[in-house]
file input_26.tsv (TSV, C-alpha atoms)
chain	number	residue	atom	x	y	z
A	1	MET	CA	37.91	-4.87	-11.76
A	2	ALA	CA	40.74	-4.62	-9.28
A	3	SER	CA	38.83	-4.84	-6.08
A	4	THR	CA	35.31	-5.88	-5.28
A	5	SER	CA	35.51	-5.42	-1.54
A	6	THR	CA	32.57	-3.37	-0.33
A	7	VAL	CA	33.20	-0.12	1.45
A	8	THR	CA	29.94	0.81	3.10
A	9	VAL	CA	31.11	3.52	5.47
A	10	PRO	CA	32.57	6.51	3.63
A	11	ALA	CA	35.63	8.12	5.10
A	12	PRO	CA	34.95	11.09	7.39
A	13	GLY	CA	34.15	14.22	5.41
A	14	LYS	CA	33.47	12.29	2.21
A	15	SER	CA	30.02	11.85	0.75
A	16	ALA	CA	28.72	8.60	-0.72
A	17	TRP	CA	28.98	10.26	-4.14
A	18	ASP	CA	32.76	10.82	-4.00
A	19	GLY	CA	33.45	7.42	-5.49
A	20	GLY	CA	34.36	3.96	-4.29
A	21	VAL	CA	30.83	3.00	-3.30
A	22	SER	CA	27.53	2.52	-5.14
A	23	PRO	CA	25.26	5.19	-3.65
A	24	MET	CA	22.20	3.60	-5.19
A	25	ASN	CA	23.25	0.16	-4.02
A	26	ALA	CA	22.49	-1.39	-7.42
A	27	SER	CA	24.74	-2.74	-10.16
A	28	TYR	CA	25.41	-0.65	-13.27
A	29	GLY	CA	23.28	-2.89	-15.48
A	30	LYS	CA	20.31	-2.81	-13.15
A	31	LEU	CA	20.53	0.96	-12.78
A	32	MET	CA	20.65	1.46	-16.53
A	33	MET	CA	17.65	-0.84	-16.96
A	34	TRP	CA	15.74	1.36	-14.50
A	35	PHE	CA	16.64	4.54	-16.37
A	36	PHE	CA	15.80	2.94	-19.72
A	37	LEU	CA	12.41	1.97	-18.31
A	38	LEU	CA	11.89	5.53	-17.10
A	39	SER	CA	12.53	6.84	-20.61
A	40	ASP	CA	10.25	4.15	-22.04
A	41	ALA	CA	7.58	5.25	-19.56
A	42	PHE	CA	7.87	8.75	-21.07
A	43	THR	CA	7.26	7.33	-24.54
A	44	PHE	CA	4.15	5.43	-23.47
A	45	SER	CA	2.96	8.43	-21.46
A	46	ALA	CA	3.30	10.59	-24.58
A	47	LEU	CA	1.10	8.16	-26.51
A	48	LEU	CA	-1.53	7.91	-23.78
A	49	ILE	CA	-1.53	11.66	-23.11
A	50	THR	CA	-2.03	12.38	-26.82
A	51	TYR	CA	-4.91	9.91	-26.70
A	52	GLY	CA	-6.35	11.90	-23.79
A	53	LEU	CA	-5.96	15.18	-25.69
A	54	VAL	CA	-7.59	13.94	-28.90
A	55	ARG	CA	-10.33	12.04	-27.13
A	56	SER	CA	-11.33	14.97	-24.93
A	57	SER	CA	-11.42	17.26	-27.98
A	58	HIS	CA	-14.06	15.00	-29.64
A	59	PRO	CA	-17.72	15.14	-28.63
A	60	GLU	CA	-18.90	12.43	-26.27
A	61	TYR	CA	-21.83	10.10	-26.88
A	62	THR	CA	-24.66	11.53	-24.79
A	63	GLY	CA	-27.63	9.20	-25.36
A	64	ALA	CA	-28.64	6.05	-23.47
A	65	VAL	CA	-25.96	3.35	-23.43
A	66	GLU	CA	-28.38	0.68	-24.71
A	67	ASP	CA	-29.13	2.69	-27.87
A	68	PHE	CA	-25.48	3.25	-28.74
A	69	VAL	CA	-24.62	2.91	-32.44
A	70	PHE	CA	-21.24	3.47	-34.09
A	71	SER	CA	-20.91	6.91	-35.65
A	72	GLN	CA	-18.19	9.22	-36.92
A	73	ALA	CA	-19.84	12.08	-35.01
A	74	TYR	CA	-18.71	11.12	-31.50
A	75	TRP	CA	-16.07	9.07	-29.66
A	76	PRO	CA	-17.25	5.46	-29.15
A	77	ILE	CA	-17.85	3.84	-25.75
A	78	PRO	CA	-14.90	1.39	-25.55
A	79	GLU	CA	-16.94	-1.48	-24.10
A	80	LYS	CA	-19.23	-1.31	-27.15
A	81	VAL	CA	-16.23	-1.79	-29.43
A	82	PHE	CA	-14.39	-4.54	-27.56
A	83	GLU	CA	-17.12	-7.05	-26.88
A	84	ALA	CA	-16.23	-10.07	-28.99
A	85	VAL	CA	-14.67	-13.33	-27.83
A	86	PRO	CA	-13.01	-15.91	-30.12
A	87	PHE	CA	-15.08	-19.04	-30.95
A	88	PHE	CA	-18.26	-17.31	-29.69
A	89	HIS	CA	-19.37	-15.45	-32.78
A	90	GLY	CA	-22.22	-13.04	-32.09
A	91	LEU	CA	-21.92	-13.31	-28.31
A	92	ASN	CA	-22.08	-9.91	-26.64
A	93	ALA	CA	-19.43	-10.07	-23.92
A	94	PRO	CA	-18.03	-6.58	-23.35
A	95	LEU	CA	-14.41	-6.44	-22.14
A	96	VAL	CA	-14.35	-10.16	-21.27
A	97	PHE	CA	-11.59	-11.03	-23.73
A	98	VAL	CA	-9.42	-8.05	-22.82
A	99	GLY	CA	-9.93	-8.95	-19.15
A	100	LEU	CA	-8.61	-12.42	-19.91
A	101	MET	CA	-5.57	-10.86	-21.61
A	102	THR	CA	-4.95	-8.71	-18.53
A	103	PHE	CA	-5.12	-11.80	-16.33
A	104	ILE	CA	-2.68	-13.69	-18.58
A	105	LEU	CA	-0.14	-10.85	-18.45
A	106	ILE	CA	-0.40	-10.50	-14.65
A	107	MET	CA	0.12	-14.26	-14.27
A	108	SER	CA	3.21	-14.18	-16.48
A	109	SER	CA	4.53	-11.35	-14.32
A	110	VAL	CA	4.08	-13.60	-11.27
A	111	THR	CA	5.96	-16.49	-12.88
A	112	MET	CA	8.74	-14.05	-13.82
A	113	VAL	CA	9.16	-12.86	-10.24
A	114	LEU	CA	9.22	-16.51	-9.13
A	115	ALA	CA	12.05	-17.10	-11.62
A	116	VAL	CA	13.94	-14.19	-10.04
A	117	GLU	CA	13.37	-15.69	-6.58
A	118	ALA	CA	14.68	-19.07	-7.80
A	119	GLY	CA	17.72	-17.29	-9.27
A	120	HIS	CA	18.60	-15.84	-5.88
A	121	ARG	CA	18.75	-19.40	-4.56
A	122	MET	CA	20.87	-20.62	-7.53
A	123	ASP	CA	18.09	-23.11	-8.28
A	124	LYS	CA	18.67	-23.75	-12.00
A	125	ARG	CA	15.76	-26.18	-12.43
A	126	ALA	CA	13.26	-23.76	-10.89
A	127	VAL	CA	14.52	-20.83	-12.98
A	128	GLU	CA	14.07	-22.96	-16.12
A	129	LYS	CA	10.55	-23.94	-15.10
A	130	TRP	CA	9.35	-20.40	-14.29
A	131	MET	CA	11.05	-18.82	-17.32
A	132	LEU	CA	9.27	-21.32	-19.54
A	133	TRP	CA	5.91	-20.44	-17.98
A	134	THR	CA	6.68	-16.75	-18.48
A	135	ILE	CA	7.46	-17.33	-22.17
A	136	ILE	CA	4.23	-19.30	-22.60
A	137	GLY	CA	2.28	-16.49	-20.93
A	138	GLY	CA	3.86	-13.91	-23.24
A	139	LEU	CA	3.13	-15.95	-26.36
A	140	THR	CA	-0.48	-16.50	-25.25
A	141	PHE	CA	-0.91	-12.77	-24.77
A	142	LEU	CA	0.52	-12.07	-28.23
A	143	SER	CA	-1.83	-14.64	-29.80
A	144	CYS	CA	-4.80	-13.00	-28.07
A	145	GLN	CA	-3.68	-9.64	-29.38
A	146	ALA	CA	-3.34	-10.99	-32.92
A	147	TRP	CA	-6.94	-12.20	-32.75
A	148	GLU	CA	-8.12	-8.89	-31.32
A	149	TRP	CA	-6.40	-6.91	-34.08
A	150	SER	CA	-7.81	-9.20	-36.73
A	151	HIS	CA	-11.32	-8.75	-35.33
A	152	PHE	CA	-10.86	-4.98	-35.07
A	153	ILE	CA	-9.64	-4.75	-38.68
A	154	HIS	CA	-12.38	-6.94	-40.16
A	155	GLY	CA	-15.18	-5.40	-38.14
A	156	THR	CA	-18.61	-6.47	-36.97
A	157	ASP	CA	-21.41	-8.03	-39.02
A	158	GLY	CA	-23.48	-4.85	-38.92
A	159	GLY	CA	-20.75	-2.44	-39.91
A	160	SER	CA	-21.43	1.27	-39.74
A	161	LEU	CA	-23.47	3.58	-41.98
A	162	LEU	CA	-21.76	6.73	-43.24
A	163	ALA	CA	-23.58	10.01	-43.89
A	164	ASP	CA	-23.41	9.49	-47.68
A	165	GLY	CA	-25.14	6.11	-47.38
A	166	THR	CA	-22.11	3.83	-47.80
A	167	LYS	CA	-21.52	1.10	-45.30
A	168	ILE	CA	-18.06	0.40	-43.89
A	169	PHE	CA	-16.79	-2.61	-42.03
A	170	GLY	CA	-13.82	-2.72	-39.68
A	171	ALA	CA	-11.00	-0.27	-39.40
A	172	ASN	CA	-7.70	0.77	-40.88
A	173	LEU	CA	-5.63	3.95	-40.72
A	174	SER	CA	-8.00	5.96	-42.98
A	175	ILE	CA	-11.53	4.75	-42.23
A	176	ASN	CA	-13.11	3.01	-39.30
A	177	GLN	CA	-16.59	1.82	-38.47
A	178	TYR	CA	-16.29	2.40	-34.73
A	179	GLY	CA	-15.96	6.17	-34.62
A	180	PRO	CA	-13.66	9.02	-35.65
A	181	PRO	CA	-10.58	7.87	-37.67
A	182	ASP	CA	-8.32	8.89	-34.74
A	183	PHE	CA	-9.87	6.17	-32.61
A	184	ALA	CA	-8.55	3.38	-34.81
A	185	ALA	CA	-5.19	5.13	-35.27
A	186	PHE	CA	-4.69	5.26	-31.51
A	187	PHE	CA	-5.78	1.66	-31.12
A	188	PHE	CA	-3.15	0.54	-33.63
A	189	PHE	CA	-0.39	2.76	-32.26
A	190	ILE	CA	-0.87	2.20	-28.54
A	191	THR	CA	-1.69	-1.51	-28.46
A	192	GLY	CA	0.78	-2.05	-31.32
A	193	PHE	CA	3.63	-0.34	-29.51
A	194	HIS	CA	2.80	-2.29	-26.37
A	195	GLY	CA	2.51	-5.52	-28.34
A	196	PHE	CA	5.94	-4.88	-29.83
A	197	HIS	CA	7.30	-4.53	-26.29
A	198	VAL	CA	5.70	-7.84	-25.34
A	199	PHE	CA	7.29	-9.41	-28.43
A	200	SER	CA	10.75	-8.08	-27.53
A	201	GLY	CA	10.15	-9.23	-23.96
A	202	VAL	CA	9.41	-12.77	-25.11
A	203	MET	CA	12.62	-12.73	-27.19
A	204	LEU	CA	14.67	-11.54	-24.16
A	205	ASN	CA	12.96	-14.09	-21.93
A	206	PHE	CA	13.86	-16.82	-24.37
A	207	LEU	CA	17.48	-15.65	-24.35
A	208	ILE	CA	17.51	-15.84	-20.56
A	209	TYR	CA	15.91	-19.28	-20.64
A	210	TYR	CA	18.51	-20.48	-23.16
A	211	ASN	CA	21.40	-19.14	-21.09
A	212	THR	CA	19.95	-20.73	-17.96
A	213	VAL	CA	19.62	-24.12	-19.63
A	214	THR	CA	23.17	-24.00	-21.01
A	215	GLY	CA	24.43	-23.09	-17.54
A	216	VAL	CA	25.85	-19.64	-18.37
A	217	TYR	CA	24.52	-18.07	-15.18
A	218	GLU	CA	25.45	-21.04	-13.03
A	219	ARG	CA	29.08	-20.66	-14.18
A	220	ARG	CA	28.86	-16.90	-13.69
A	221	GLY	CA	27.80	-17.47	-10.10
A	222	HIS	CA	24.69	-15.33	-10.12
A	223	TYR	CA	21.39	-14.90	-11.95
A	224	GLU	CA	21.29	-11.11	-12.10
A	225	MET	CA	20.38	-11.14	-15.80
A	226	VAL	CA	17.08	-12.78	-14.86
A	227	GLU	CA	16.43	-9.83	-12.55
A	228	LYS	CA	17.24	-7.22	-15.23
A	229	VAL	CA	15.04	-8.80	-17.88
A	230	GLY	CA	12.46	-9.35	-15.15
A	231	LEU	CA	12.33	-5.58	-14.62
A	232	TYR	CA	11.61	-5.13	-18.32
A	233	TRP	CA	8.90	-7.78	-18.27
A	234	HIS	CA	7.16	-6.26	-15.23
A	235	PHE	CA	7.28	-2.90	-16.98
A	236	VAL	CA	5.42	-4.38	-19.95
A	237	ASP	CA	2.76	-5.60	-17.52
A	238	LEU	CA	2.68	-2.18	-15.85
A	239	VAL	CA	2.09	-0.42	-19.17
A	240	TRP	CA	-0.74	-2.80	-19.96
A	241	VAL	CA	-2.42	-1.87	-16.65
A	242	PHE	CA	-2.49	1.75	-17.86
A	243	VAL	CA	-3.53	0.89	-21.42
A	244	PHE	CA	-6.32	-1.29	-20.02
A	245	THR	CA	-7.63	1.58	-17.89
A	246	PHE	CA	-7.27	4.47	-20.29
A	247	PHE	CA	-8.13	2.72	-23.54
A	248	TYR	CA	-10.63	0.04	-22.56
A	249	LEU	CA	-12.30	1.12	-19.31
A	250	VAL	CA	-12.52	4.92	-19.22
B	1	MET	CA	39.71	-22.05	-26.04
B	2	ALA	CA	41.14	-24.90	-24.01
B	3	HIS	CA	38.52	-26.82	-22.14
B	4	VAL	CA	39.64	-26.25	-18.58
B	5	GLU	CA	36.22	-25.47	-17.16
B	6	GLU	CA	35.31	-27.39	-14.04
B	7	THR	CA	31.85	-28.25	-12.91
B	8	PRO	CA	30.96	-25.40	-10.55
B	9	GLN	CA	30.11	-26.25	-7.01
B	10	VAL	CA	26.66	-24.76	-6.62
B	11	THR	CA	24.70	-24.90	-3.42
B	12	VAL	CA	21.00	-24.66	-4.12
B	13	LEU	CA	19.14	-23.06	-1.25
B	14	PRO	CA	15.63	-24.23	-0.31
B	15	PRO	CA	12.68	-22.09	-1.50
B	16	ASP	CA	11.97	-19.04	0.62
B	17	THR	CA	8.37	-19.95	1.42
B	18	ALA	CA	7.56	-16.69	3.22
B	19	LYS	CA	8.70	-14.66	0.20
B	20	ILE	CA	6.88	-16.87	-2.31
B	21	LYS	CA	3.71	-16.66	-0.25
B	22	LYS	CA	3.99	-12.87	-0.27
B	23	LEU	CA	4.40	-12.82	-4.06
B	24	TRP	CA	1.24	-14.89	-4.51
B	25	THR	CA	-0.59	-12.56	-2.12
B	26	VAL	CA	0.40	-9.61	-4.32
B	27	ALA	CA	-0.79	-11.55	-7.38
B	28	GLY	CA	-4.10	-12.16	-5.60
B	29	ILE	CA	-4.48	-8.45	-4.83
B	30	LEU	CA	-3.79	-7.54	-8.48
B	31	GLY	CA	-6.40	-10.06	-9.65
B	32	LEU	CA	-8.91	-8.81	-7.08
B	33	VAL	CA	-8.47	-5.15	-8.09
B	34	THR	CA	-8.94	-6.12	-11.75
B	35	LEU	CA	-12.19	-7.91	-10.81
B	36	LEU	CA	-13.28	-4.80	-8.91
B	37	GLU	CA	-12.60	-2.72	-12.01
B	38	PHE	CA	-14.93	-5.02	-13.92
B	39	ALA	CA	-17.56	-4.67	-11.21
B	40	VAL	CA	-17.39	-0.87	-11.50
B	41	ALA	CA	-17.47	-1.05	-15.31
B	42	PHE	CA	-20.70	-3.07	-15.29
B	43	LEU	CA	-22.49	-2.03	-12.11
B	44	VAL	CA	-21.93	1.73	-12.00
B	45	PRO	CA	-24.08	3.35	-14.72
B	46	HIS	CA	-22.41	5.49	-17.39
B	47	GLU	CA	-24.28	8.54	-16.07
B	48	TYR	CA	-21.84	8.68	-13.15
B	49	LYS	CA	-18.91	9.32	-15.46
B	50	ASP	CA	-16.70	11.20	-12.99
B	51	LEU	CA	-17.15	8.55	-10.31
B	52	ARG	CA	-16.28	5.80	-12.81
B	53	VAL	CA	-13.21	7.56	-14.17
B	54	TRP	CA	-11.77	8.44	-10.76
B	55	THR	CA	-12.36	4.95	-9.39
B	56	PHE	CA	-10.57	3.47	-12.40
B	57	ILE	CA	-7.64	5.86	-11.99
B	58	LEU	CA	-7.39	5.13	-8.26
B	59	MET	CA	-7.42	1.37	-8.82
B	60	THR	CA	-4.84	1.69	-11.59
B	61	ILE	CA	-2.52	3.54	-9.23
B	62	VAL	CA	-3.01	0.80	-6.61
B	63	LYS	CA	-2.10	-1.88	-9.17
B	64	ALA	CA	0.88	0.12	-10.46
B	65	ALA	CA	2.16	0.60	-6.90
B	66	TYR	CA	2.06	-3.14	-6.23
B	67	ILE	CA	3.77	-4.03	-9.53
B	68	VAL	CA	6.53	-1.42	-9.17
B	69	GLY	CA	6.94	-1.76	-5.41
B	70	GLU	CA	6.80	-5.53	-4.97
B	71	PHE	CA	7.42	-7.22	-8.34
B	72	MET	CA	10.04	-4.72	-9.49
B	73	HIS	CA	11.33	-4.54	-5.91
B	74	LEU	CA	11.57	-0.73	-5.94
B	75	ARG	CA	10.21	-0.44	-2.39
B	76	TYR	CA	13.28	-2.21	-1.07
B	77	GLU	CA	15.88	-0.37	-3.15
B	78	ALA	CA	17.90	2.61	-1.91
B	79	LYS	CA	15.70	5.65	-1.39
B	80	VAL	CA	17.79	7.68	-3.88
B	81	LEU	CA	16.93	5.19	-6.62
B	82	LEU	CA	13.24	5.17	-5.65
B	83	TRP	CA	12.93	8.95	-5.87
B	84	SER	CA	15.01	9.17	-9.06
B	85	ILE	CA	12.33	7.04	-10.70
B	86	LEU	CA	9.23	8.49	-9.05
B	87	ILE	CA	9.91	12.25	-9.13
B	88	PRO	CA	10.18	12.51	-12.96
B	89	MET	CA	6.73	10.88	-13.21
B	90	VAL	CA	5.26	13.99	-11.55
B	91	PHE	CA	5.86	15.83	-14.82
B	92	VAL	CA	3.97	13.13	-16.69
B	93	VAL	CA	0.95	13.58	-14.42
B	94	TRP	CA	1.07	17.34	-14.94
B	95	MET	CA	1.36	16.87	-18.71
B	96	LEU	CA	-1.69	14.57	-18.68
B	97	VAL	CA	-3.77	17.12	-16.76
B	98	ALA	CA	-2.63	20.00	-18.99
B	99	PHE	CA	-3.26	18.17	-22.26
B	100	VAL	CA	-6.66	16.77	-21.34
B	101	TYR	CA	-7.70	20.29	-20.30
B	102	GLU	CA	-6.33	21.58	-23.62
B	103	GLY	CA	-8.31	18.90	-25.46
B	104	ILE	CA	-11.55	19.96	-23.79
B	105	GLN	CA	-10.88	23.58	-24.83
B	106	ILE	CA	-10.15	22.50	-28.44
B	107	GLY	CA	-13.45	20.62	-28.42
B	108	LEU	CA	-15.29	23.79	-27.31
B	109	VAL	CA	-13.97	26.00	-30.12
B	110	ARG	CA	-14.24	23.38	-32.88

call {"tool": "encode", "arguments": {"input": "input_26.tsv", "output": "structure tokens"}}
result
Amino acid sequence: MASTSTVTVPAPGKSAWDGGVSPMNASYGKLMMWFFLLSDAFTFSALLITYGLVRSSHPEYTGAVEDFVFSQAYWPIPEKVFEAVPFFHGLNAPLVFVGLMTFILIMSSVTMVLAVEAGHRMDKRAVEKWMLWTIIGGLTFLSCQAWEWSHFIHGTDGGSLLADGTKIFGANLSINQYGPPDFAAFFFFITGFHGFHVFSGVMLNFLIYYNTVTGVYERRGHYEMVEKVGLYWHFVDLVWVFVFTFFYLV
Amino acid sequence: MAHVEETPQVTVLPPDTAKIKKLWTVAGILGLVTLLEFAVAFLVPHEYKDLRVWTFILMTIVKAAYIVGEFMHLRYEAKVLLWSILIPMVFVVWMLVAFVYEGIQIGLVR
């Protein structure tokens, strides 16, 4: 680039969009990350909206909550499905584990934003420390999700009785003990797509951590890459907030 | 590549305590809202379905606003950027309303 001098006041009669200045006051990379995230938000919205369409087209369970049993005839109450916690077999703890996962992801978002703050101050040691915590948070979340998927696939002790008298346990893409087959399909697609984003996020975070340790950003003179990947990581947290509400709570 | 790189002279600034404190406050709010969501999930009976659903949606929007506004720093960006991100989401909200309504109608004729 020939000149990096900032021209903040456009010449008389010229708009900020005539060139020479950044009207959005953000670097190209940051801007493109924002627009990528917007398009990614459309993808997740499409998944969640389809969930809303299919769910609202199925009959609801109308009886008392205490008497709820799994059936193919109606959409299950989410808190009756997600009630197990690792190492506490048989304990009935609705939504506790998924609440823990939410907490872990929010905390890793906090450590990420602290890494960004340290980057602004050129504090290499602090960036390393907070990036490492963020990576640990991401890996913990992924491990929790692996356990949750495994539990969902293998099913509960009781299983579910079909109309023809056969008993099924757990869920896959064709049958599932919790409710209509669509329920399991959406579970796999939505949490799977989100989990894949978390996985990519951990990979990117590791890249940033590596580059910080080897001093790439210190030589470059700024830590803007931490900010860009930070945007992605916060987005992953943001999506989880919506998945948590629309899949687990509502 | 010839090794001509010098050790860069980097001045590390002290932590911005006011900013860090604010970030932890936001984290506290996010945790608190999540706890409130749990309280609603367990204390409000399933018979009040509409109340439950709308409270969850409201609290989700509060959490989303804090994450996007503070953590992703969108509140402090140029207003053009802020609206370029927020206005397209209006269509998503409309699509959600339209498709859930459609789903209810499909359920009625099935």

call {"tool": "closest_atom_pairs", "arguments": {"input": "input_26.tsv", "of": "chain A", "to": "chain B", "cutoff": "6 Å", "atoms": "all atoms listed in the file", "output": "CSV"}}
result
residue,atom,partner,partner_atom,distance
A:Met24,CA,B:Ala78,CA,5.5
A:Ile49,CA,B:Leu96,CA,5.3
A:Gly52,CA,B:Val100,CA,5.5
A:Leu53,CA,B:Gly103,CA,4.4
A:Ser56,CA,B:Gly103,CA,5.0
A:Ser57,CA,B:Gly107,CA,4.0
A:His58,CA,B:Gly107,CA,5.8
A:Arg121,CA,B:Leu13,CA,5.0
A:Met122,CA,B:Val12,CA,5.3
A:Asp123,CA,B:Val12,CA,5.3
A:Leu231,CA,B:Met72,CA,5.7
A:Val250,CA,B:Val53,CA,5.7

call {"tool": "atom_distance", "arguments": {"input": "input_26.tsv", "atom1": "atom CA of A:Val226", "atom2": "atom CA of A:Ile208"}}
result
6.5 Å

call {"tool": "residues_around", "arguments": {"input": "input_26.tsv", "residues": "stretch 190-192 of chain A", "least_positions_apart": "4", "cutoff": "12 Å", "atoms": "only C-alpha atoms", "output": "ChimeraX atom specification"}}
result
/A:43-51,98,141-142,144-146,148-149,152,182-186,196-199,236,239-244,246-248

call {"tool": "atom_distance", "arguments": {"input": "input_26.tsv", "atom1": "atom CA of A:Leu37", "atom2": "atom CA of A:Leu207"}}
result
19.3 Å

call {"tool": "atom_distance", "arguments": {"input": "input_26.tsv", "atom1": "atom CA of A:Ile104", "atom2": "atom CA of A:Asn172"}}
result
27.0 Å

call {"tool": "closest_residue", "arguments": {"input": "input_26.tsv", "among": "B:Val90, B:Leu32, B:Thr17, B:Lys22", "to": "A:Ile106", "atoms": "all atoms listed in the file"}}
result
B:Leu32

call {"tool": "residues_around", "arguments": {"input": "input_26.tsv", "residues": "A:Val69", "least_positions_apart": "6", "cutoff": "9 Å", "atoms": "only C-alpha atoms", "output": "list in words"}}
result
Pro76, Lys80, Ser160 and Tyr178 of chain A

call {"tool": "closest_residue", "arguments": {"input": "input_26.tsv", "among": "A:Glu83, A:Glu66, A:Glu117, A:Glu227", "to": "A:Thr156", "atoms": "all atoms listed in the file"}}
result
A:Glu83

call {"tool": "closest_residue", "arguments": {"input": "input_26.tsv", "among": "A:Arg55, A:Leu249, A:Phe189, A:His234", "to": "B:Gly69", "atoms": "all atoms listed in the file"}}
result
A:His234

call {"tool": "residues_around", "arguments": {"input": "input_26.tsv", "residues": "A:His151", "least_positions_apart": "6", "cutoff": "12 Å", "atoms": "all atoms listed in the file", "output": "PyMOL selection string"}}
result
chain A and resi 81-87+89+97+144-145+157+169-172

call {"tool": "residues_around", "arguments": {"input": "input_26.tsv", "residues": "A:Glu224", "least_positions_apart": "6", "cutoff": "9 Å", "atoms": "all atoms listed in the file", "output": "list in words"}}
result
Lys30, Val116, Gly119, His120 and Tyr217 of chain A
